[in-house]
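Below is my_file_26.csv, which holds CSV, C-alpha atoms.
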chain,number,residue,atom,x,y,z
A,183,MET,CA,5.4,-10.6,21.4
A,184,VAL,CA,1.8,-9.6,22.3
A,185,TYR,CA,1.6,-6.2,24.1
A,186,ASP,CA,-0.9,-5.1,26.6
A,187,LYS,CA,-1.4,-2.0,28.6
A,188,ARG,CA,1.0,-3.1,31.3
A,189,CYS,CA,4.0,-3.4,28.9
A,190,SER,CA,3.2,-0.3,26.8
A,191,MET,CA,6.5,1.2,27.8
A,192,GLU,CA,8.3,-1.5,25.8
A,193,LEU,CA,6.7,-0.4,22.6
A,194,PHE,CA,8.5,1.4,19.8
A,195,GLN,CA,12.0,0.9,21.2
A,196,SER,CA,13.5,0.9,17.6
A,197,PHE,CA,13.8,4.7,17.9
A,198,ASP,CA,17.2,6.0,19.0
A,199,ASN,CA,16.0,7.5,22.2
A,200,ASP,CA,13.6,6.3,24.8
A,201,ILE,CA,10.1,7.3,23.9
A,202,SER,CA,7.3,7.9,26.4
A,203,TYR,CA,3.7,9.0,26.4
A,204,LYS,CA,4.9,12.0,28.3
A,205,ASP,CA,7.0,13.3,25.4
A,206,ILE,CA,5.8,16.5,23.6
A,207,LEU,CA,4.5,16.0,20.0
A,208,GLN,CA,6.6,17.6,17.3
A,209,LEU,CA,3.7,19.4,15.7
A,210,ASP,CA,5.7,20.7,12.8
A,211,GLY,CA,6.0,17.1,11.6
A,212,ALA,CA,2.3,17.3,10.5
A,213,PHE,CA,3.3,19.8,7.8
A,214,ALA,CA,4.9,18.5,4.5
A,215,VAL,CA,7.0,21.6,4.1
A,216,ALA,CA,8.8,21.1,7.4
A,217,HIS,CA,10.0,17.7,6.2
A,218,ILE,CA,11.5,19.2,3.1
A,219,ASN,CA,13.9,21.1,5.3
A,220,TYR,CA,15.6,18.0,6.4
A,221,GLY,CA,16.2,16.4,3.0
A,222,LYS,CA,14.6,13.2,4.0
A,223,SER,CA,12.5,10.9,1.7
A,224,PRO,CA,10.6,7.6,2.0
A,225,ILE,CA,12.2,4.3,0.9
A,226,PHE,CA,10.6,2.5,-1.9
A,227,ASN,CA,11.7,-1.0,-2.8
A,228,GLY,CA,15.0,-0.4,-0.9
A,229,GLU,CA,15.8,2.8,-2.7
A,230,ASP,CA,15.6,6.5,-1.7
A,231,SER,CA,12.6,8.0,-3.4
A,232,GLN,CA,13.8,11.6,-3.7
A,233,ASN,CA,14.2,11.4,-7.5
A,234,LEU,CA,10.6,10.1,-8.0
A,235,ALA,CA,7.9,12.4,-9.4
A,236,LEU,CA,10.5,14.9,-10.5
A,237,SER,CA,7.9,17.5,-11.4
A,238,SER,CA,6.3,17.5,-8.0
A,239,ARG,CA,5.7,20.6,-6.0
A,240,CYS,CA,7.9,19.2,-3.3
A,241,ASN,CA,11.0,19.7,-5.5
A,242,SER,CA,10.0,23.2,-6.7
A,243,LEU,CA,9.1,24.3,-3.2
A,244,SER,CA,12.4,23.2,-1.7
A,245,SER,CA,14.3,25.6,-3.9
A,246,SER,CA,11.8,28.5,-3.8
A,247,LYS,CA,13.1,31.8,-2.6
A,248,GLN,CA,9.7,32.4,-0.9
A,249,LEU,CA,10.5,29.7,1.6
A,250,ASP,CA,12.8,31.6,3.9
A,251,ASP,CA,10.9,31.1,7.1
A,252,VAL,CA,9.5,27.7,7.9
A,253,LEU,CA,6.8,29.2,10.2
A,254,ASN,CA,5.5,31.2,7.3
A,255,ARG,CA,5.5,28.5,4.7
A,256,MET,CA,3.8,25.7,6.6
A,257,ARG,CA,0.6,25.9,4.7
A,258,LEU,CA,2.0,26.5,1.2
A,259,PHE,CA,2.2,22.8,0.4
A,260,ASP,CA,-0.3,20.1,1.4
A,261,GLY,CA,1.8,17.1,0.3
A,262,THR,CA,-0.1,16.3,-2.8
A,263,GLU,CA,0.4,16.9,-6.5
A,264,GLN,CA,-2.1,17.5,-9.3
A,265,ASN,CA,-1.7,16.4,-13.0
A,266,LEU,CA,1.5,14.5,-12.6
A,267,LYS,CA,3.1,13.6,-15.9
A,268,GLU,CA,2.6,10.0,-17.1
A,269,GLU,CA,6.4,9.4,-17.1
A,270,ASP,CA,6.3,10.2,-13.4
A,271,GLN,CA,3.1,8.4,-12.5
A,272,ILE,CA,4.3,4.9,-13.7
A,273,PRO,CA,7.5,4.7,-11.6
A,274,LEU,CA,5.6,6.1,-8.6
A,275,TRP,CA,3.0,3.4,-8.9
A,276,GLU,CA,5.7,0.7,-9.5
A,277,ASN,CA,7.7,1.7,-6.5
A,278,PHE,CA,4.7,1.9,-4.2
A,279,TRP,CA,3.7,-1.6,-5.4
A,280,LEU,CA,7.1,-3.1,-4.8
A,281,GLU,CA,7.5,-1.5,-1.4
A,282,TYR,CA,4.2,-3.1,-0.3
A,283,VAL,CA,5.4,-6.4,-1.8
A,284,ASN,CA,8.6,-6.2,0.2
A,285,THR,CA,6.7,-5.3,3.4
A,286,PHE,CA,4.3,-8.2,2.8
A,287,ASN,CA,7.2,-10.5,2.3
A,288,ILE,CA,8.7,-9.5,5.7
A,289,LEU,CA,5.4,-9.8,7.5
A,290,THR,CA,4.7,-13.3,6.1
A,291,ASP,CA,7.8,-14.3,8.1
A,292,LEU,CA,7.3,-12.2,11.2
A,293,LEU,CA,3.5,-12.3,11.5
A,294,PRO,CA,2.3,-15.2,9.3
A,295,ASN,CA,-1.2,-15.4,10.9
A,296,SER,CA,-1.9,-11.7,11.4
A,297,VAL,CA,-4.9,-9.9,9.9
A,298,VAL,CA,-2.5,-7.0,9.2
A,299,THR,CA,-0.2,-9.2,7.1
A,300,VAL,CA,-3.1,-10.4,4.9
A,301,TYR,CA,-4.4,-6.9,4.6
A,302,ILE,CA,-1.0,-5.7,3.3
A,303,GLY,CA,-0.8,-8.6,0.9
A,304,ARG,CA,-4.3,-7.8,-0.4
A,305,HIS,CA,-3.4,-4.1,-0.8
A,306,ALA,CA,-0.2,-5.1,-2.7
A,307,ILE,CA,-2.3,-7.0,-5.2
A,308,GLU,CA,-4.7,-4.1,-5.6
A,309,ILE,CA,-1.8,-1.7,-6.3
A,310,GLY,CA,-0.3,-4.3,-8.7
A,311,PHE,CA,-3.4,-4.6,-10.8
A,312,LYS,CA,-3.8,-0.8,-10.9
A,313,TYR,CA,-0.2,-0.3,-11.9
A,314,LEU,CA,-0.4,-2.9,-14.7
A,315,LEU,CA,-3.6,-1.3,-16.0
A,316,LEU,CA,-2.1,2.2,-15.9
A,317,LYS,CA,0.9,0.9,-17.9
A,318,ALA,CA,-1.6,-0.5,-20.4
A,319,ASN,CA,-3.4,2.9,-20.7
A,320,VAL,CA,-6.6,1.4,-19.3
A,321,LYS,CA,-8.9,4.0,-17.7
A,322,LEU,CA,-10.3,2.6,-14.4
A,323,ASN,CA,-13.5,3.3,-12.6
A,324,PRO,CA,-12.6,4.0,-8.9
A,325,THR,CA,-12.8,0.6,-7.1
A,326,HIS,CA,-11.0,-1.5,-4.5
A,327,ASP,CA,-12.7,-4.7,-5.5
A,328,LEU,CA,-10.0,-7.2,-6.4
A,329,GLY,CA,-12.4,-9.3,-8.5
A,330,GLU,CA,-13.4,-6.4,-10.6
A,331,LEU,CA,-9.7,-5.3,-11.0
A,332,ALA,CA,-8.7,-8.8,-12.0
A,333,ASP,CA,-11.5,-9.2,-14.5
A,334,THR,CA,-10.6,-5.8,-16.1
A,335,PHE,CA,-6.9,-6.8,-16.2
A,336,PHE,CA,-7.6,-10.1,-17.8
A,337,ASP,CA,-10.0,-8.6,-20.3
A,338,LYS,CA,-8.2,-5.4,-21.3
A,339,CYS,CA,-4.7,-7.0,-21.3
A,340,ASN,CA,-5.9,-10.2,-23.0
A,341,ILE,CA,-4.3,-12.5,-20.4
A,342,THR,CA,-3.9,-16.0,-21.8
A,343,ASP,CA,-0.6,-17.2,-20.1
A,344,ASP,CA,-0.9,-20.6,-18.4
A,345,TYR,CA,0.7,-19.4,-15.2
A,346,MET,CA,-2.1,-16.8,-14.8
A,347,GLU,CA,-4.8,-19.5,-14.5
A,348,TRP,CA,-7.3,-19.0,-11.6
A,349,VAL,CA,-5.9,-15.6,-10.7
A,350,ASN,CA,-9.1,-13.7,-11.6
A,351,ASP,CA,-11.3,-16.6,-10.3
A,352,PHE,CA,-9.5,-16.5,-6.9
A,353,CYS,CA,-9.8,-12.7,-6.6
A,354,ARG,CA,-13.5,-12.7,-7.6
A,355,ASN,CA,-14.4,-15.5,-5.2
A,356,PHE,CA,-12.2,-14.1,-2.4
A,357,CYS,CA,-14.1,-10.7,-2.6
A,358,ARG,CA,-17.4,-12.4,-2.5
A,359,TYR,CA,-17.0,-15.4,-0.1
A,360,ILE,CA,-14.4,-14.1,2.4
A,361,GLU,CA,-14.7,-10.3,2.3
A,362,GLY,CA,-18.4,-10.3,1.7
A,363,ARG,CA,-17.7,-7.5,-0.8
A,364,ASN,CA,-16.2,-5.4,1.9
A,365,ALA,CA,-12.8,-4.3,0.5
A,366,GLU,CA,-11.6,-3.2,3.9
A,367,TYR,CA,-12.4,-6.5,5.5
A,368,PHE,CA,-9.1,-6.9,7.4
A,369,ARG,CA,-8.6,-3.2,7.9
A,370,TYR,CA,-11.6,-2.5,10.2
A,371,PRO,CA,-13.8,-4.7,12.4
A,372,GLU,CA,-17.0,-3.1,11.2
A,373,TYR,CA,-18.3,-2.4,7.7
A,374,LYS,CA,-21.3,-0.9,6.0
A,375,ASN,CA,-24.9,-1.8,6.9
A,376,ASN,CA,-23.9,-2.7,10.5
A,377,THR,CA,-21.9,-5.8,9.4
A,378,PHE,CA,-18.9,-7.0,11.3
A,379,PHE,CA,-15.7,-9.1,10.9
A,380,ALA,CA,-16.5,-12.8,11.2
A,381,GLY,CA,-13.3,-14.4,10.1
A,382,ASN,CA,-12.2,-15.9,13.3
A,383,CYS,CA,-11.8,-19.3,11.7
A,384,LEU,CA,-9.9,-18.2,8.6
A,385,ASP,CA,-6.5,-19.7,7.8
A,386,ILE,CA,-4.6,-16.4,7.3
A,387,ASN,CA,-1.3,-18.2,6.4
A,388,TRP,CA,-3.1,-20.1,3.6
A,389,MET,CA,-4.5,-16.9,2.2
A,390,ASN,CA,-1.1,-15.2,2.5
A,391,TYR,CA,0.4,-18.1,0.5
A,392,ASN,CA,-2.2,-17.6,-2.3
A,393,PHE,CA,-1.6,-13.8,-2.2
A,394,ALA,CA,2.1,-14.4,-2.5
A,395,LEU,CA,1.6,-16.6,-5.6
A,396,ILE,CA,-0.6,-13.9,-7.2
A,397,LEU,CA,2.0,-11.3,-6.6
A,398,LEU,CA,4.8,-13.5,-8.0
A,399,LYS,CA,2.7,-14.0,-11.1
A,400,LEU,CA,1.9,-10.3,-11.5
A,401,ILE,CA,5.6,-9.3,-11.0
A,402,HIS,CA,6.6,-11.9,-13.6
A,403,TYR,CA,4.0,-10.6,-16.0
A,404,ALA,CA,5.3,-7.0,-15.5
A,405,GLY,CA,8.8,-8.3,-16.3
A,406,ILE,CA,10.3,-6.8,-13.1
A,407,ASP,CA,11.3,-10.1,-11.4
A,408,ALA,CA,14.8,-8.8,-10.9
A,409,ALA,CA,13.5,-5.6,-9.2
A,410,VAL,CA,12.5,-7.4,-6.0
Can you dump the structure from the file as C-alpha coordinates?
Amino acid sequence: MVYDKRCSMELFQSFDNDISYKDILQLDGAFAVAHINYGKSPIFNGEDSQNLALSSRCNSLSSSKQLDDVLNRMRLFDGTEQNLKEEDQIPLWENFWLEYVNTFNILTDLLPNSVVTVYIGRHAIEIGFKYLLLKANVKLNPTHDLGELADTFFDKCNITDDYMEWVNDFCRNFCRYIEGRNAEYFRYPEYKNNTFFAGNCLDINWMNYNFALILLKLIHYAGIDAAV
(Lines of atoms letter the chains of each structure in order from A and count residues from 1; the text may use other names and numbers.)
(Lines give C-alpha, C1' and ligand atoms only; values in the text may rest on other atoms or scores of the structure.)
Protein backbone atom coordinates (compact mmCIF):
# COMPACT_ATOMS: atom_id res chain seq x y z
CA MET A 1 0.00 0.00 0.00
CA VAL A 2 1.21 3.51 -0.82
CA TYR A 3 0.40 6.07 1.86
CA ASP A 4 -0.28 9.75 1.40
CA LYS A 5 -1.23 12.53 3.80
CA ARG A 6 -4.92 11.67 3.58
CA CYS A 7 -4.47 8.16 4.97
CA SER A 8 -1.76 8.93 7.52
CA MET A 9 -4.04 7.75 10.30
CA GLU A 10 -3.74 4.22 8.91
CA LEU A 11 0.02 4.17 9.49
CA PHE A 12 1.73 2.12 12.21
CA GLN A 13 -1.30 0.06 13.17
CA SER A 14 0.95 -2.82 14.24
CA PHE A 15 1.14 -1.25 17.71
CA ASP A 16 -1.28 -2.65 20.28
CA ASN A 17 -3.12 0.62 20.80
CA ASP A 18 -4.29 3.20 18.33
CA ILE A 19 -1.53 5.71 17.66
CA SER A 20 -2.12 9.34 16.73
CA TYR A 21 -0.07 12.45 16.03
CA LYS A 22 -1.85 13.96 19.05
CA ASP A 23 -0.25 11.46 21.46
CA ILE A 24 2.41 12.67 23.89
CA LEU A 25 5.98 11.52 23.22
CA GLN A 26 7.49 9.25 25.87
CA LEU A 27 10.58 11.36 26.38
CA ASP A 28 12.25 8.88 28.72
CA GLY A 29 12.51 6.53 25.74
CA ALA A 30 15.34 8.72 24.39
CA PHE A 31 17.58 7.62 27.29
CA ALA A 32 19.30 4.23 27.25
CA VAL A 33 19.06 3.74 31.00
CA ALA A 34 15.27 4.02 30.98
CA HIS A 35 15.12 1.03 28.64
CA ILE A 36 17.22 -1.08 31.01
CA ASN A 37 14.46 -0.83 33.62
CA TYR A 38 12.09 -2.83 31.46
CA GLY A 39 14.42 -5.73 30.74
CA LYS A 40 13.88 -5.46 26.99
CA SER A 41 16.47 -6.14 24.29
CA PRO A 42 16.69 -6.09 20.49
CA ILE A 43 16.22 -9.21 18.43
CA PHE A 44 19.18 -10.34 16.34
CA ASN A 45 18.71 -13.17 13.89
CA GLY A 46 15.54 -14.25 15.66
CA GLU A 47 17.19 -14.40 19.08
CA ASP A 48 17.05 -12.16 22.14
CA SER A 49 20.31 -10.20 22.27
CA GLN A 50 20.46 -9.68 26.03
CA ASN A 51 23.46 -11.99 26.40
CA LEU A 52 25.51 -10.28 23.69
CA ALA A 53 28.45 -8.07 24.66
CA LEU A 54 28.51 -9.40 28.21
CA SER A 55 31.03 -6.82 29.38
CA SER A 56 28.97 -3.86 28.25
CA ARG A 57 28.11 -1.06 30.62
CA CYS A 58 24.44 -1.83 30.08
CA ASN A 59 24.81 -4.98 32.15
CA SER A 60 26.90 -3.37 34.86
CA LEU A 61 24.56 -0.41 35.14
CA SER A 62 21.46 -2.55 35.45
CA SER A 63 22.70 -3.98 38.74
CA SER A 64 24.43 -0.88 40.09
CA LYS A 65 23.30 0.31 43.51
CA GLN A 66 23.70 3.89 42.28
CA LEU A 67 20.71 3.51 40.01
CA ASP A 68 17.92 3.81 42.53
CA ASP A 69 16.08 6.64 40.85
CA VAL A 70 15.56 6.64 37.08
CA LEU A 71 15.29 10.43 36.97
CA ASN A 72 18.76 10.77 38.51
CA ARG A 73 20.44 8.17 36.32
CA MET A 74 19.21 9.21 32.90
CA ARG A 75 22.55 10.65 31.78
CA LEU A 76 24.86 8.08 33.34
CA PHE A 77 24.82 5.82 30.26
CA ASP A 78 24.86 6.99 26.64
CA GLY A 79 24.17 3.59 25.09
CA THR A 80 27.71 3.01 23.80
CA GLU A 81 30.62 0.89 24.96
CA GLN A 82 34.35 1.48 24.60
CA ASN A 83 37.10 -1.14 24.23
CA LEU A 84 34.79 -4.13 23.91
CA LYS A 85 36.63 -7.43 24.20
CA GLU A 86 37.24 -9.27 20.93
CA GLU A 87 35.23 -12.28 22.07
CA ASP A 88 32.24 -9.93 22.42
CA GLN A 89 32.91 -7.96 19.24
CA ILE A 90 32.70 -10.92 16.86
CA PRO A 91 29.28 -12.27 17.93
CA LEU A 92 27.95 -8.71 18.03
CA TRP A 93 29.02 -8.12 14.42
CA GLU A 94 27.73 -11.55 13.34
CA ASN A 95 24.30 -11.02 14.85
CA PHE A 96 23.99 -7.52 13.42
CA TRP A 97 24.90 -8.94 10.01
CA LEU A 98 22.42 -11.81 10.14
CA GLU A 99 19.62 -9.53 11.33
CA TYR A 100 20.17 -7.29 8.30
CA VAL A 101 20.25 -10.38 6.08
CA ASN A 102 16.93 -11.56 7.55
CA THR A 103 15.36 -8.15 7.11
CA PHE A 104 16.61 -7.93 3.52
CA ASN A 105 15.16 -11.39 2.89
CA ILE A 106 11.73 -10.24 4.12
CA LEU A 107 11.86 -6.99 2.14
CA THR A 108 12.76 -8.74 -1.13
CA ASP A 109 9.36 -10.44 -0.82
CA LEU A 110 7.33 -7.49 0.48
CA LEU A 111 9.02 -4.59 -1.38
CA PRO A 112 11.08 -6.11 -4.21
CA ASN A 113 11.40 -2.82 -6.13
CA SER A 114 11.95 -0.42 -3.22
CA VAL A 115 15.06 1.72 -2.84
CA VAL A 116 14.87 0.89 0.87
CA THR A 117 15.16 -2.84 0.13
CA VAL A 118 18.26 -2.45 -2.01
CA TYR A 119 19.81 -0.13 0.59
CA ILE A 120 19.28 -2.73 3.34
CA GLY A 121 20.81 -5.40 1.09
CA ARG A 122 23.79 -3.20 0.32
CA HIS A 123 24.32 -2.46 4.00
CA ALA A 124 24.09 -6.17 4.82
CA ILE A 125 26.94 -6.83 2.38
CA GLU A 126 29.03 -4.05 3.94
CA ILE A 127 28.52 -5.49 7.43
CA GLY A 128 29.31 -8.97 6.09
CA PHE A 129 32.65 -7.92 4.64
CA LYS A 130 33.59 -6.05 7.82
CA TYR A 131 32.59 -9.01 10.00
CA LEU A 132 34.69 -11.44 7.94
CA LEU A 133 37.67 -9.08 7.98
CA LEU A 134 37.32 -8.64 11.74
CA LYS A 135 37.37 -12.43 12.18
CA ALA A 136 40.51 -12.56 10.04
CA ASN A 137 42.18 -9.93 12.26
CA VAL A 138 42.45 -7.47 9.38
CA LYS A 139 42.64 -3.84 10.47
CA LEU A 140 40.41 -1.69 8.28
CA ASN A 141 40.56 1.90 7.22
CA PRO A 142 37.14 3.51 7.80
CA THR A 143 35.18 3.05 4.57
CA HIS A 144 31.70 2.32 3.27
CA ASP A 145 32.92 1.52 -0.24
CA LEU A 146 31.85 -2.02 -1.15
CA GLY A 147 34.48 -2.27 -3.87
CA GLU A 148 37.28 -1.36 -1.49
CA LEU A 149 35.96 -3.76 1.15
CA ALA A 150 35.60 -6.59 -1.38
CA ASP A 151 39.12 -6.07 -2.75
CA THR A 152 40.55 -6.03 0.79
CA PHE A 153 38.62 -9.19 1.65
CA PHE A 154 39.81 -11.04 -1.45
CA ASP A 155 43.40 -9.91 -0.94
CA LYS A 156 43.79 -10.38 2.82
CA CYS A 157 41.77 -13.61 3.02
CA ASN A 158 43.28 -15.06 -0.18
CA ILE A 159 39.90 -15.87 -1.72
CA THR A 160 40.24 -18.40 -4.55
CA ASP A 161 36.96 -20.36 -4.25
CA ASP A 162 35.16 -20.75 -7.57
CA TYR A 163 31.79 -19.73 -6.13
CA MET A 164 33.28 -16.34 -5.18
CA GLU A 165 33.99 -15.44 -8.80
CA TRP A 166 32.95 -11.90 -9.80
CA VAL A 167 31.98 -10.85 -6.25
CA ASN A 168 34.72 -8.22 -5.95
CA ASP A 169 34.24 -7.16 -9.60
CA PHE A 170 30.51 -6.66 -9.06
CA CYS A 171 31.03 -4.63 -5.88
CA ARG A 172 33.74 -2.47 -7.46
CA ASN A 173 31.71 -1.72 -10.57
CA PHE A 174 28.47 -1.22 -8.62
CA CYS A 175 30.12 1.47 -6.49
CA ARG A 176 31.49 3.25 -9.54
CA TYR A 177 28.79 2.90 -12.19
CA ILE A 178 25.58 2.87 -10.12
CA GLU A 179 26.39 4.71 -6.90
CA GLY A 180 28.81 7.12 -8.54
CA ARG A 181 31.04 6.46 -5.52
CA ASN A 182 28.31 7.73 -3.19
CA ALA A 183 28.01 5.00 -0.55
CA GLU A 184 24.65 6.39 0.63
CA TYR A 185 23.14 6.37 -2.86
CA PHE A 186 19.84 4.76 -1.85
CA ARG A 187 19.74 6.37 1.58
CA TYR A 188 19.50 10.03 0.56
CA PRO A 189 18.38 11.79 -2.63
CA GLU A 190 21.31 14.24 -2.50
CA TYR A 191 25.05 13.66 -2.11
CA LYS A 192 28.30 15.58 -1.98
CA ASN A 193 29.15 18.30 -4.50
CA ASN A 194 25.49 19.01 -5.24
CA THR A 195 24.86 15.67 -6.97
CA PHE A 196 21.49 13.93 -6.82
CA PHE A 197 19.90 10.50 -7.19
CA ALA A 198 19.47 9.64 -10.88
CA GLY A 199 18.49 5.98 -10.66
CA ASN A 200 14.93 6.25 -11.91
CA CYS A 201 15.55 3.62 -14.58
CA LEU A 202 17.31 1.08 -12.34
CA ASP A 203 16.01 -2.47 -12.05
CA ILE A 204 16.01 -2.73 -8.25
CA ASN A 205 14.81 -6.33 -8.25
CA TRP A 206 17.75 -7.33 -10.42
CA MET A 207 20.18 -5.62 -8.07
CA ASN A 208 18.52 -7.29 -5.09
CA TYR A 209 18.97 -10.68 -6.79
CA ASN A 210 22.71 -10.07 -7.15
CA PHE A 211 22.97 -8.76 -3.59
CA ALA A 212 21.18 -11.89 -2.36
CA LEU A 213 23.69 -14.06 -4.23
CA ILE A 214 26.62 -12.18 -2.72
CA LEU A 215 25.18 -12.58 0.76
CA LEU A 216 24.64 -16.32 0.23
CA LYS A 217 28.26 -16.64 -0.86
CA LEU A 218 29.59 -14.68 2.12
CA ILE A 219 27.41 -16.65 4.55
CA HIS A 220 28.67 -19.93 3.08
CA TYR A 221 32.28 -18.72 3.27
CA ALA A 222 31.70 -17.82 6.93
CA GLY A 223 30.41 -21.36 7.54
CA ILE A 224 27.18 -20.15 9.14
CA ASP A 225 24.68 -21.37 6.54
CA ALA A 226 22.67 -23.10 9.26
CA ALA A 227 22.45 -19.89 11.31
CA VAL A 228 20.03 -18.24 8.91
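Our summary of the geometry notes that CA of Asp291 in chain A is positioned 19.6 Å from CA of Phe194 in chain A.
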Considering only C-alpha atoms, state which residue in the set A:Leu193, A:Ile360, A:Val283, A:Leu292 is at the smallest distance from Gly310 in chain A.
->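 For Gly310 in chain A, the nearest of the candidates is A:Val283.
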Which neighbours of Asp407 in chain A fall inside 12 Å, counting all atoms listed in the file, when residues of the same chain fewer than 3 positions from it are skipped, and could you give them as a VMD selection string?
-> chain A and resid 280 283 397 to 404 410
Using all atoms listed in the file, determine which residues lie at most 12 Å from Phe352 in chain A, disregarding the query and same-chain residues fewer than 2 positions distant; provide the list as a PyMOL selection string.
-> chain A and resi 328-333+346-350+354-360+389+392-393+395-396
Among the residues A:Thr334, A:Thr290, A:Thr377, A:Asn364, the one that comes closest to Tyr391 in chain A [using only C-alpha atoms] =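 Nearest candidate to Tyr391 in chain A out of A:Thr334, A:Thr290, A:Thr377, A:Asn364: A:Thr290.
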Might you pull out every residue within 10 Å of Ala365 in chain A, with all atoms listed in the file counted and same-chain residues fewer than 5 positions away left off, and present them as a PDB file with C-alpha atoms, in the coordinates of the input?
ATOM      1  CA  TYR A 301      -4.400  -6.900   4.600  1.00  0.00           C
ATOM      2  CA  ARG A 304      -4.300  -7.800  -0.400  1.00  0.00           C
ATOM      3  CA  HIS A 305      -3.400  -4.100  -0.800  1.00  0.00           C
ATOM      4  CA  THR A 325     -12.800   0.600  -7.100  1.00  0.00           C
ATOM      5  CA  HIS A 326     -11.000  -1.500  -4.500  1.00  0.00           C
ATOM      6  CA  ASP A 327     -12.700  -4.700  -5.500  1.00  0.00           C
ATOM      7  CA  LEU A 328     -10.000  -7.200  -6.400  1.00  0.00           C
ATOM      8  CA  CYS A 357     -14.100 -10.700  -2.600  1.00  0.00           C
ATOM      9  CA  ARG A 358     -17.400 -12.400  -2.500  1.00  0.00           C
ATOM     10  CA  TYR A 370     -11.600  -2.500  10.200  1.00  0.00           C
ATOM     11  CA  TYR A 373     -18.300  -2.400   7.700  1.00  0.00           C
TER      12      TYR A 373
END
